[in-house]
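**Q** The file below is work22.cif, mmCIF, C-alpha atoms and all ligand atoms:
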```cif
data_protein
#
loop_
_atom_site.label_atom_id
_atom_site.label_comp_id
_atom_site.auth_asym_id
_atom_site.auth_seq_id
_atom_site.Cartn_x
_atom_site.Cartn_y
_atom_site.Cartn_z
CA MET D 25 -5.07 17.43 -13.85
CA THR D 26 -2.93 19.49 -16.24
CA LYS D 27 -2.03 17.62 -19.44
CA ASP D 28 1.62 16.89 -20.19
CA ASN D 29 2.37 18.69 -23.45
CA ILE D 30 5.98 19.45 -22.61
CA TYR D 31 7.59 17.79 -25.62
CA ALA D 32 4.60 18.24 -27.94
CA GLU D 33 5.23 21.72 -29.27
CA GLN D 34 8.99 22.00 -28.91
CA ASP D 35 12.10 20.04 -28.11
CA ILE D 36 13.84 21.00 -24.87
CA PRO D 37 17.59 20.66 -25.28
CA GLY D 38 19.62 19.11 -22.48
CA ASP D 39 18.86 16.49 -19.87
CA PHE D 40 15.40 16.04 -18.38
CA GLN D 41 14.85 18.12 -15.21
CA PHE D 42 12.24 18.01 -12.47
CA ASN D 43 11.50 21.71 -12.81
CA ASP D 44 8.33 23.81 -12.54
CA LEU D 45 7.09 22.79 -15.97
CA VAL D 46 7.36 19.10 -15.09
CA ALA D 47 5.97 19.47 -11.55
CA GLU D 48 2.86 21.16 -13.00
CA VAL D 49 1.99 18.21 -15.25
CA PHE D 50 3.62 15.42 -13.23
CA PRO D 51 0.53 13.36 -12.22
CA ASP D 52 -0.57 13.18 -15.86
CA MET D 53 2.98 12.52 -17.12
CA ILE D 54 3.73 9.66 -14.76
CA GLN D 55 0.38 7.91 -15.23
CA ARG D 56 0.64 8.03 -19.01
CA SER D 57 4.31 6.97 -19.00
CA VAL D 58 4.69 4.32 -16.29
CA PRO D 59 2.47 1.27 -16.83
CA ILE D 60 2.42 0.09 -13.19
CA TYR D 61 2.11 3.52 -11.56
CA ASN D 62 -1.65 3.41 -10.95
CA ALA D 63 -1.53 -0.19 -9.72
CA ILE D 64 1.08 0.81 -7.13
CA LEU D 65 -0.88 3.89 -6.08
CA GLU D 66 -4.12 1.92 -5.69
CA ASN D 67 -2.55 -0.92 -3.72
CA ILE D 68 -0.03 0.88 -1.53
CA PRO D 69 -2.63 1.26 1.28
CA LEU D 70 -2.40 -2.54 1.72
CA LEU D 71 1.23 -2.12 2.77
CA GLY D 72 0.50 0.68 5.20
CA HIS D 73 -2.02 -1.40 7.11
CA ARG D 74 0.23 -4.43 7.29
CA TYR D 75 3.65 -2.96 8.00
CA ILE D 76 3.44 0.45 9.64
CA GLN D 77 4.07 -0.02 13.37
CA ASP D 78 3.38 2.25 16.37
CA GLN D 79 6.04 4.90 17.10
CA THR D 80 7.94 4.42 13.83
CA ASN D 81 8.84 6.52 10.78
CA VAL D 82 7.68 6.16 7.18
CA TYR D 83 9.90 7.55 4.42
CA ASP D 84 9.03 8.43 0.81
CA LEU D 85 12.40 9.02 -0.88
CA GLY D 86 12.15 10.99 -4.14
CA CYS D 87 8.49 11.72 -3.34
CA SER D 88 7.80 14.19 -6.21
CA LEU D 89 4.33 15.57 -5.35
CA GLY D 90 3.93 13.11 -2.48
CA ALA D 91 1.27 10.93 -4.15
CA MET D 92 2.45 7.76 -2.39
CA THR D 93 2.74 9.47 1.00
CA PHE D 94 -0.79 10.86 0.72
CA ALA D 95 -2.18 7.49 -0.41
CA VAL D 96 -0.65 5.60 2.55
CA ARG D 97 -1.45 8.27 5.08
CA GLN D 98 -5.08 8.61 4.06
CA SER D 99 -5.52 4.86 4.20
CA LEU D 100 -4.84 4.95 7.95
CA PRO D 101 -8.17 6.35 9.21
CA LEU D 102 -8.49 9.44 11.37
CA LYS D 103 -10.22 7.56 14.21
CA GLN D 104 -8.15 6.16 17.07
CA GLY D 105 -8.33 2.41 17.55
CA GLU D 106 -6.70 -0.29 15.47
CA VAL D 107 -4.58 2.25 13.61
CA PRO D 108 -0.89 2.81 14.37
CA GLN D 109 -0.05 5.58 16.82
CA GLY D 110 2.90 7.95 16.91
CA VAL D 111 3.83 7.55 13.24
CA ASN D 112 5.80 10.29 11.48
CA PHE D 113 5.98 10.63 7.68
CA TYR D 114 9.10 12.02 5.98
CA ALA D 115 8.82 12.74 2.25
CA VAL D 116 12.02 13.91 0.55
CA ASP D 117 12.75 15.41 -2.85
CA ASN D 118 15.52 17.66 -4.17
CA SER D 119 13.19 19.44 -6.62
CA GLU D 120 11.95 22.71 -5.16
CA ALA D 121 9.06 22.81 -7.64
CA MET D 122 7.84 19.40 -6.43
CA ILE D 123 8.21 20.06 -2.69
CA GLN D 124 6.48 23.47 -2.94
CA ARG D 125 3.44 21.88 -4.55
CA ALA D 126 3.45 18.92 -2.15
CA LYS D 127 3.44 21.29 0.84
CA LEU D 128 0.48 23.21 -0.61
CA LYS D 129 -1.43 19.96 -0.96
CA LEU D 130 -0.48 18.92 2.58
CA ALA D 131 -2.02 22.11 3.98
CA GLY D 132 -5.40 21.03 2.54
CA TYR D 133 -5.61 17.71 4.42
CA GLN D 134 -6.25 16.75 8.02
CA SER D 135 -4.33 13.84 9.53
CA ASN D 136 -3.33 12.28 12.84
CA TYR D 137 0.16 11.82 11.50
CA PRO D 138 2.80 14.56 11.39
CA THR D 139 4.06 14.75 7.81
CA HIS D 140 7.28 16.50 6.86
CA PHE D 141 8.11 17.39 3.26
CA LEU D 142 11.87 17.94 3.05
CA LEU D 143 13.67 19.73 0.22
CA ASP D 144 16.95 17.82 0.23
CA ASN D 145 19.06 15.17 -1.45
CA ILE D 146 18.10 11.71 -0.27
CA GLU D 147 21.79 11.15 0.53
CA ASN D 148 21.55 13.79 3.28
CA VAL D 149 18.52 12.37 5.06
CA THR D 150 19.05 10.18 8.12
CA ILE D 151 16.88 7.08 7.95
CA THR D 152 16.05 5.72 11.36
CA ASN D 153 13.38 3.67 13.16
CA ALA D 154 11.63 3.02 9.84
CA SER D 155 8.82 0.51 9.36
CA LEU D 156 8.17 1.42 5.69
CA VAL D 157 10.46 3.07 3.15
CA ILE D 158 9.11 3.91 -0.30
CA MET D 159 11.53 4.62 -3.15
CA ASN D 160 9.56 4.72 -6.36
CA PHE D 161 11.37 5.32 -9.67
CA VAL D 162 14.23 7.22 -8.05
CA LEU D 163 17.23 4.88 -7.64
CA GLN D 164 17.44 4.89 -11.46
CA PHE D 165 18.55 8.55 -11.27
CA PHE D 166 21.47 7.75 -8.91
CA LYS D 167 24.92 7.01 -10.31
CA PRO D 168 25.20 3.20 -10.53
CA ALA D 169 28.22 3.21 -8.21
CA GLU D 170 26.17 4.92 -5.47
CA ARG D 171 23.16 2.61 -5.51
CA TYR D 172 24.47 -0.14 -3.24
CA ALA D 173 25.42 2.30 -0.47
CA GLN D 174 22.01 4.01 -0.57
CA LEU D 175 20.17 0.71 -0.25
CA GLU D 176 22.52 -0.34 2.54
CA ARG D 177 21.70 2.89 4.38
CA ILE D 178 17.97 2.15 4.02
CA TYR D 179 18.51 -1.39 5.33
CA ALA D 180 20.35 -0.03 8.36
CA GLY D 181 17.54 2.48 9.07
CA LEU D 182 14.73 -0.09 8.84
CA ASN D 183 13.53 -1.90 11.92
CA PRO D 184 13.55 -5.72 11.74
CA GLY D 185 10.26 -6.72 10.05
CA GLY D 186 10.25 -3.43 8.11
CA VAL D 187 9.92 -3.18 4.35
CA LEU D 188 11.39 -1.19 1.48
CA MET D 189 9.24 -0.71 -1.61
CA LEU D 190 11.65 -0.21 -4.50
CA SER D 191 10.10 0.56 -7.88
CA GLU D 192 12.23 0.93 -11.01
CA LYS D 193 12.33 0.89 -14.77
CA PHE D 194 14.69 -1.94 -15.75
CA ILE D 195 16.70 -3.03 -18.76
CA ASN D 196 16.76 -6.55 -20.21
CA PRO D 197 20.12 -8.32 -20.58
CA ASP D 198 19.11 -9.65 -24.01
CA PRO D 199 19.20 -6.90 -26.68
CA LEU D 200 16.39 -8.41 -28.76
CA ALA D 201 14.10 -8.75 -25.75
CA GLU D 202 15.02 -5.22 -24.70
CA GLU D 203 14.19 -3.83 -28.14
CA GLN D 204 10.79 -5.57 -28.17
CA ILE D 205 9.74 -4.46 -24.68
CA CYS D 206 10.85 -0.86 -25.37
CA GLN D 207 8.77 -0.84 -28.56
CA LEU D 208 5.79 -2.08 -26.56
CA HIS D 209 6.35 0.59 -23.91
CA TRP D 210 6.42 3.25 -26.62
CA ASP D 211 3.17 1.77 -28.01
CA PHE D 212 1.72 2.06 -24.48
CA LYS D 213 2.66 5.74 -24.43
CA ALA D 214 1.19 6.26 -27.92
CA LYS D 215 -2.04 4.58 -26.75
CA ASN D 216 -2.07 7.13 -23.91
CA GLY D 217 -1.97 10.03 -26.36
CA TYR D 218 1.73 10.80 -26.79
CA SER D 219 2.89 11.41 -30.38
CA GLN D 220 5.93 9.67 -31.84
CA LEU D 221 7.77 13.00 -31.73
CA GLU D 222 7.01 13.50 -28.01
CA ILE D 223 8.09 9.93 -27.25
CA GLU D 224 11.34 10.40 -29.17
CA ARG D 225 12.18 13.76 -27.53
CA LYS D 226 11.48 12.46 -24.02
CA ARG D 227 13.57 9.38 -24.74
CA ASN D 228 16.54 11.57 -25.70
CA ALA D 229 16.08 13.77 -22.64
CA ILE D 230 16.22 10.85 -20.18
CA GLU D 231 18.77 8.58 -21.84
CA ASN D 232 21.85 10.10 -20.15
CA ILE D 233 20.35 10.47 -16.68
CA MET D 234 18.52 7.15 -16.28
CA ILE D 235 21.08 4.33 -16.28
CA LEU D 236 19.00 1.22 -15.75
CA ASP D 237 19.86 -2.03 -13.98
CA THR D 238 18.50 -5.45 -14.94
CA LEU D 239 15.93 -7.14 -12.73
CA PRO D 240 18.43 -9.86 -11.67
CA GLU D 241 20.88 -7.09 -10.70
CA HIS D 242 18.25 -5.43 -8.52
CA LEU D 243 17.28 -8.66 -6.78
CA ALA D 244 20.88 -9.83 -6.26
CA ARG D 245 21.94 -6.49 -4.76
CA LEU D 246 19.02 -6.44 -2.34
CA GLU D 247 19.69 -10.04 -1.26
CA GLN D 248 23.40 -9.28 -0.82
CA ILE D 249 22.54 -6.45 1.56
CA GLY D 250 20.33 -8.80 3.59
CA PHE D 251 16.83 -8.10 2.26
CA LYS D 252 14.35 -10.83 1.30
CA ALA D 253 12.95 -9.53 -1.99
CA VAL D 254 9.78 -10.29 -3.94
CA ILE D 255 8.29 -8.64 -7.03
CA TRP D 256 4.76 -7.43 -6.30
CA GLN D 257 4.05 -5.42 -9.47
CA LEU D 258 5.44 -5.91 -12.95
CA GLY D 259 4.40 -4.35 -16.26
CA PHE D 260 6.43 -3.96 -19.44
CA ASN D 261 9.92 -2.81 -18.35
CA PHE D 262 8.79 -1.48 -14.95
CA CYS D 263 8.72 -3.34 -11.67
CA SER D 264 8.02 -2.81 -8.01
CA ILE D 265 9.85 -4.92 -5.45
CA LEU D 266 9.08 -5.44 -1.77
CA ALA D 267 12.34 -5.94 0.12
CA PHE D 268 11.92 -7.18 3.69
CA LYS D 269 14.39 -6.81 6.51
CA PRO D 270 14.03 -10.08 8.40
CA GLN D 271 13.13 -10.15 12.09
CA ALA D 272 16.32 -10.27 14.17
N1 LIG B 301 19.18 12.47 -5.17
C1 LIG B 301 17.90 12.81 -5.08
N2 LIG B 301 17.41 13.30 -3.91
C2 LIG B 301 16.11 13.67 -3.80
N3 LIG B 301 15.22 13.55 -4.82
C3 LIG B 301 15.67 13.07 -5.99
C4 LIG B 301 17.02 12.68 -6.18
N4 LIG B 301 17.16 12.24 -7.46
C5 LIG B 301 15.94 12.35 -8.04
N5 LIG B 301 15.05 12.85 -7.17
C6 LIG B 301 13.60 13.08 -7.38
O1 LIG B 301 13.02 11.83 -7.69
C7 LIG B 301 11.78 12.05 -8.37
C8 LIG B 301 11.64 11.00 -9.46
S1 LIG B 301 9.98 10.70 -9.94
C9 LIG B 301 9.38 9.85 -8.48
C10 LIG B 301 7.92 9.58 -8.46
C11 LIG B 301 7.37 9.47 -7.04
N6 LIG B 301 8.20 8.63 -6.19
C12 LIG B 301 5.96 8.94 -7.05
O2 LIG B 301 5.76 7.78 -6.73
O3 LIG B 301 5.05 9.71 -7.40
C13 LIG B 301 10.10 9.36 -11.06
C14 LIG B 301 10.09 9.70 -12.47
O4 LIG B 301 9.69 10.81 -12.82
O5 LIG B 301 10.46 8.82 -13.28
C15 LIG B 301 11.80 13.47 -8.88
O6 LIG B 301 10.82 14.25 -8.24
C16 LIG B 301 13.23 13.96 -8.55
O7 LIG B 301 13.27 15.34 -8.21
O1 LIG B 302 8.70 8.41 -19.74
C1 LIG B 302 9.40 7.40 -19.70
O2 LIG B 302 9.70 6.81 -20.74
C2 LIG B 302 9.92 6.83 -18.50
O3 LIG B 302 10.72 5.97 -18.60
C3 LIG B 302 9.46 7.22 -17.15
C4 LIG B 302 9.65 8.61 -16.73
C5 LIG B 302 8.55 9.28 -16.24
C6 LIG B 302 8.67 10.58 -15.81
C7 LIG B 302 9.91 11.20 -15.85
C8 LIG B 302 11.04 10.54 -16.33
C9 LIG B 302 10.90 9.22 -16.76
#
```
As structure tokens, how would this structure be written, given the file I've shared?
Ligand SMILES: Nc1ncnc2c1ncn2[C@@H]1O[C@H](C[S@+](CC[C@H]([NH3+])C(=O)[O-])CC(=O)[O-])[C@@H](O)[C@H]1O
Ligand SMILES: O=C(O)C(=O)Cc1ccccc1

**A**
Amino acid sequence: MTKDNIYAEQDIPGDFQFNDLVAEVFPDMIQRSVPIYNAILENIPLLGHRYIQDQTNVYDLGCSLGAMTFAVRQSLPLKQGEVPQGVNFYAVDNSEAMIQRAKLKLAGYQSNYPTHFLLDNIENVTITNASLVIMNFVLQFFKPAERYAQLERIYAGLNPGGVLMLSEKFINPDPLAEEQICQLHWDFKAKNGYSQLEIERKRNAIENIMILDTLPEHLARLEQIGFKAVIWQLGFNFCSILAFKPQA
């Protein structure tokens, strides 16, 4: 795994971008930056086994290198039997650098399940006949005014009994609590080998493009759309929510 040194030697002016430089170091960057990332990756196979149904689609929206798609897919064994049949995986990202690398990785694996890596904006992808939709740390990059409509579209594309996994960094409504948890998150990054300068530069690069919601805002919006939501992973200012579309 290539080490993330992007902000170590130099500052990169402008907003953070998911370019070649970032794609190259992404697995290291995300693990060292997002406290719950490994817990999600390790436990996501539990969801696949429980929720993926025969003849349905699985979506990974904002898939980056496809880590979540590969983890779910590999957890459904190659042998026929108790495993779901006729499942198609669609993994979408609008970063060419990410999708190129994901496709290379895909070519190295064998699977019963057709898997399609799509270079596109999530907004352009039709979501239909879905049993599982994964959207990990991506909604935070959408304009706040667009978030409701995207989640509504996912709800409409899910089959009854299907589930959305929505993972996000969130902000706390109380400024003092927010300050404390941010400090702790920066300590977490420092513990993982990032210098104060790297932390500061990255913080500046993402501050204009990641407008965060509070946890109550996330839950209320999902419930308003019709989902039944529960938090299944929480660490520092990062959470992962399972949002169920009830049986009709
Ligand atoms: N509108 C959009 N359309 C398509 N892709 C987008 C859009 N906006 C952002 N992206 C893509 O969303 C990804 C966000 S990273 C997701 C990690 C992954 N889910 C993981 O579980 O490993 C999270 C992070 O780095 O904080 C990037 O690859 C963007 O190109
Ligand atoms: O690095 C951070 O502080 C984050 O909040 C998460 C993150 C991880 C990777 C790209 C952009 C943001």

**Q** Tell me, in Å to one decimal, how far atom CA of D:Tyr114 is from atom CA of D:Val149.

**A**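 Rounded to one decimal, the two atoms are 9.5 Å apart.
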
**Q** Between D:Phe268, D:Tyr75, D:Phe262, D:Phe166, which has the minimum distance to ligand LIG 302 (chain B) (counting only C-alpha atoms and all ligand atoms)?

**A**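 Answer, going by the shortest atom-to-atom distance: D:Phe262.
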
**Q** For ligand LIG 301 (chain B), list the contacting residues at 6 Å or closer, counting all atoms listed in the file, as a PDB file with C-alpha atoms, in the coordinates of the input.

**A**
```pdb
ATOM      1  CA  PHE D  42      12.240  18.010 -12.470  1.00  0.00           C
ATOM      2  CA  GLY D  86      12.150  10.990  -4.140  1.00  0.00           C
ATOM      3  CA  CYS D  87       8.490  11.720  -3.340  1.00  0.00           C
ATOM      4  CA  SER D  88       7.800  14.190  -6.210  1.00  0.00           C
ATOM      5  CA  ALA D  91       1.270  10.930  -4.150  1.00  0.00           C
ATOM      6  CA  MET D  92       2.450   7.760  -2.390  1.00  0.00           C
ATOM      7  CA  VAL D 116      12.020  13.910   0.550  1.00  0.00           C
ATOM      8  CA  ASP D 117      12.750  15.410  -2.850  1.00  0.00           C
ATOM      9  CA  ASN D 118      15.520  17.660  -4.170  1.00  0.00           C
ATOM     10  CA  SER D 119      13.190  19.440  -6.620  1.00  0.00           C
ATOM     11  CA  ASP D 144      16.950  17.820   0.230  1.00  0.00           C
ATOM     12  CA  ASN D 145      19.060  15.170  -1.450  1.00  0.00           C
ATOM     13  CA  ILE D 146      18.100  11.710  -0.270  1.00  0.00           C
ATOM     14  CA  ASN D 160       9.560   4.720  -6.360  1.00  0.00           C
ATOM     15  CA  PHE D 161      11.370   5.320  -9.670  1.00  0.00           C
ATOM     16  CA  VAL D 162      14.230   7.220  -8.050  1.00  0.00           C
ATOM     17  CA  PHE D 165      18.550   8.550 -11.270  1.00  0.00           C
TER      18      PHE D 165
END
```

**Q** Within 6 Å of ligand LIG 302 (chain B), counting all atoms listed in the file: which residues, as a VMD selection string?

**A** chain D and resid 54 57 to 58

**Q** For D:Ala63, find every residue with an atom within 12 Å (counting only C-alpha atoms), except residues of its own chain fewer than 5 positions away, and show them as an MDAnalysis selection string.

**A** chainID D and resid 55 58 68:70 92 191 256:259 262:264

**Q** Give the answer as one residue: which of D:Asp44, D:Arg56, D:Ile205, D:Pro51 has the shortest atom-to-atom distance to D:Tyr218, using all atoms listed in the file?

**A** D:Arg56

**Q** Select, from D:Ile265, D:Ile235, D:Ala180, D:Ile36, the residue with the minimum atom-to-atom distance to D:Gly250, counting all atoms listed in the file.

**A**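 Ranking D:Ile265, D:Ile235, D:Ala180, D:Ile36 by distance to D:Gly250, first place goes to D:Ala180.
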
**Q** Which residue, D:Gln98, D:Thr26, D:Ser155, D:Asn112, has the smallest gap to D:Met189 when you use only C-alpha atoms?

**A**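 Of all the options, D:Ser155 lies closest to D:Met189.
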
**Q** Can you measure atom CA of D:Ala272 to atom CA of D:Arg177 for me? One decimal in Å is fine.

**A** 17.3 Å

**Q** In Å to one decimal, how far is atom CA of D:Gly72 from atom CA of D:Leu156?

**A** 7.7 Å

**Q** Which residues are close to D:Met25, i.e. within 9 Å by all atoms listed in the file, leaving aside same-chain residues fewer than 5 positions away? Reply as a count of residues only.

**A** 5

**Q** Of the candidates D:Met234, D:Ala229, D:Leu175, D:Leu221, which one gets nearest to D:Ala32 if we count only C-alpha atoms?

**A**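 So, comparing all the options, the nearest one is D:Leu221.
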
**Q** Between D:Glu203, D:Glu33, D:Glu147, D:Asp39, which is the closest to D:Asn228 once you count all atoms listed in the file?

**A**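 Among the listed residues, D:Asp39 lies closest to D:Asn228.
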
**Q** Would you give the centre and edge lengths, in Å to one decimal, of a box along x, y and z around the listed atoms of stretch 173-185 of chain D, with 4 Å added to each side, as lines of an AutoDock Vina configuration file?

**A**
```
center_x = 17.8
center_y = -1.4
center_z = 5.7
size_x = 23.2
size_y = 18.7
size_z = 20.5
```

**Q** May I have the protein, DNA and RNA residues with an atom at most 12 Å from (13.6, 0.6, 9.4), counting only C-alpha atoms in the file's coordinates, returned as number ranges by chain?

**A** D: 75-77, 79-83, 150-158, 175-189, 251, 267-271

**Q** Give me the residues within 12 Å of D:Lys226 as a list in words, counting only C-alpha atoms and dropping any in the same chain fewer than 6 places off.

**A**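 That gives Asp28, Asn29, Ile30, Tyr31, Ala32, Gln34, Asp35, Ile36, Pro37, Gly38, Asp39, Phe40, Gln41, Val46, Met53, Ser57, Trp210, Lys213, Tyr218, Ser219, Gln220, Asn232, Ile233 and Met234 of chain D.
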
**Q** How would the residues just picked look written out with C-alpha atoms as a compact mmCIF listing (two decimals), in the coordinates of the input?

**A**
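Generated file (again26.txt):
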```txt
# COMPACT_ATOMS: atom_id res chain seq x y z
CA ASP D 28 1.62 16.89 -20.19
CA ASN D 29 2.37 18.69 -23.45
CA ILE D 30 5.98 19.45 -22.61
CA TYR D 31 7.59 17.79 -25.62
CA ALA D 32 4.60 18.24 -27.94
CA GLN D 34 8.99 22.00 -28.91
CA ASP D 35 12.10 20.04 -28.11
CA ILE D 36 13.84 21.00 -24.87
CA PRO D 37 17.59 20.66 -25.28
CA GLY D 38 19.62 19.11 -22.48
CA ASP D 39 18.86 16.49 -19.87
CA PHE D 40 15.40 16.04 -18.38
CA GLN D 41 14.85 18.12 -15.21
CA VAL D 46 7.36 19.10 -15.09
CA MET D 53 2.98 12.52 -17.12
CA SER D 57 4.31 6.97 -19.00
CA TRP D 210 6.42 3.25 -26.62
CA LYS D 213 2.66 5.74 -24.43
CA TYR D 218 1.73 10.80 -26.79
CA SER D 219 2.89 11.41 -30.38
CA GLN D 220 5.93 9.67 -31.84
CA ASN D 232 21.85 10.10 -20.15
CA ILE D 233 20.35 10.47 -16.68
CA MET D 234 18.52 7.15 -16.28
```
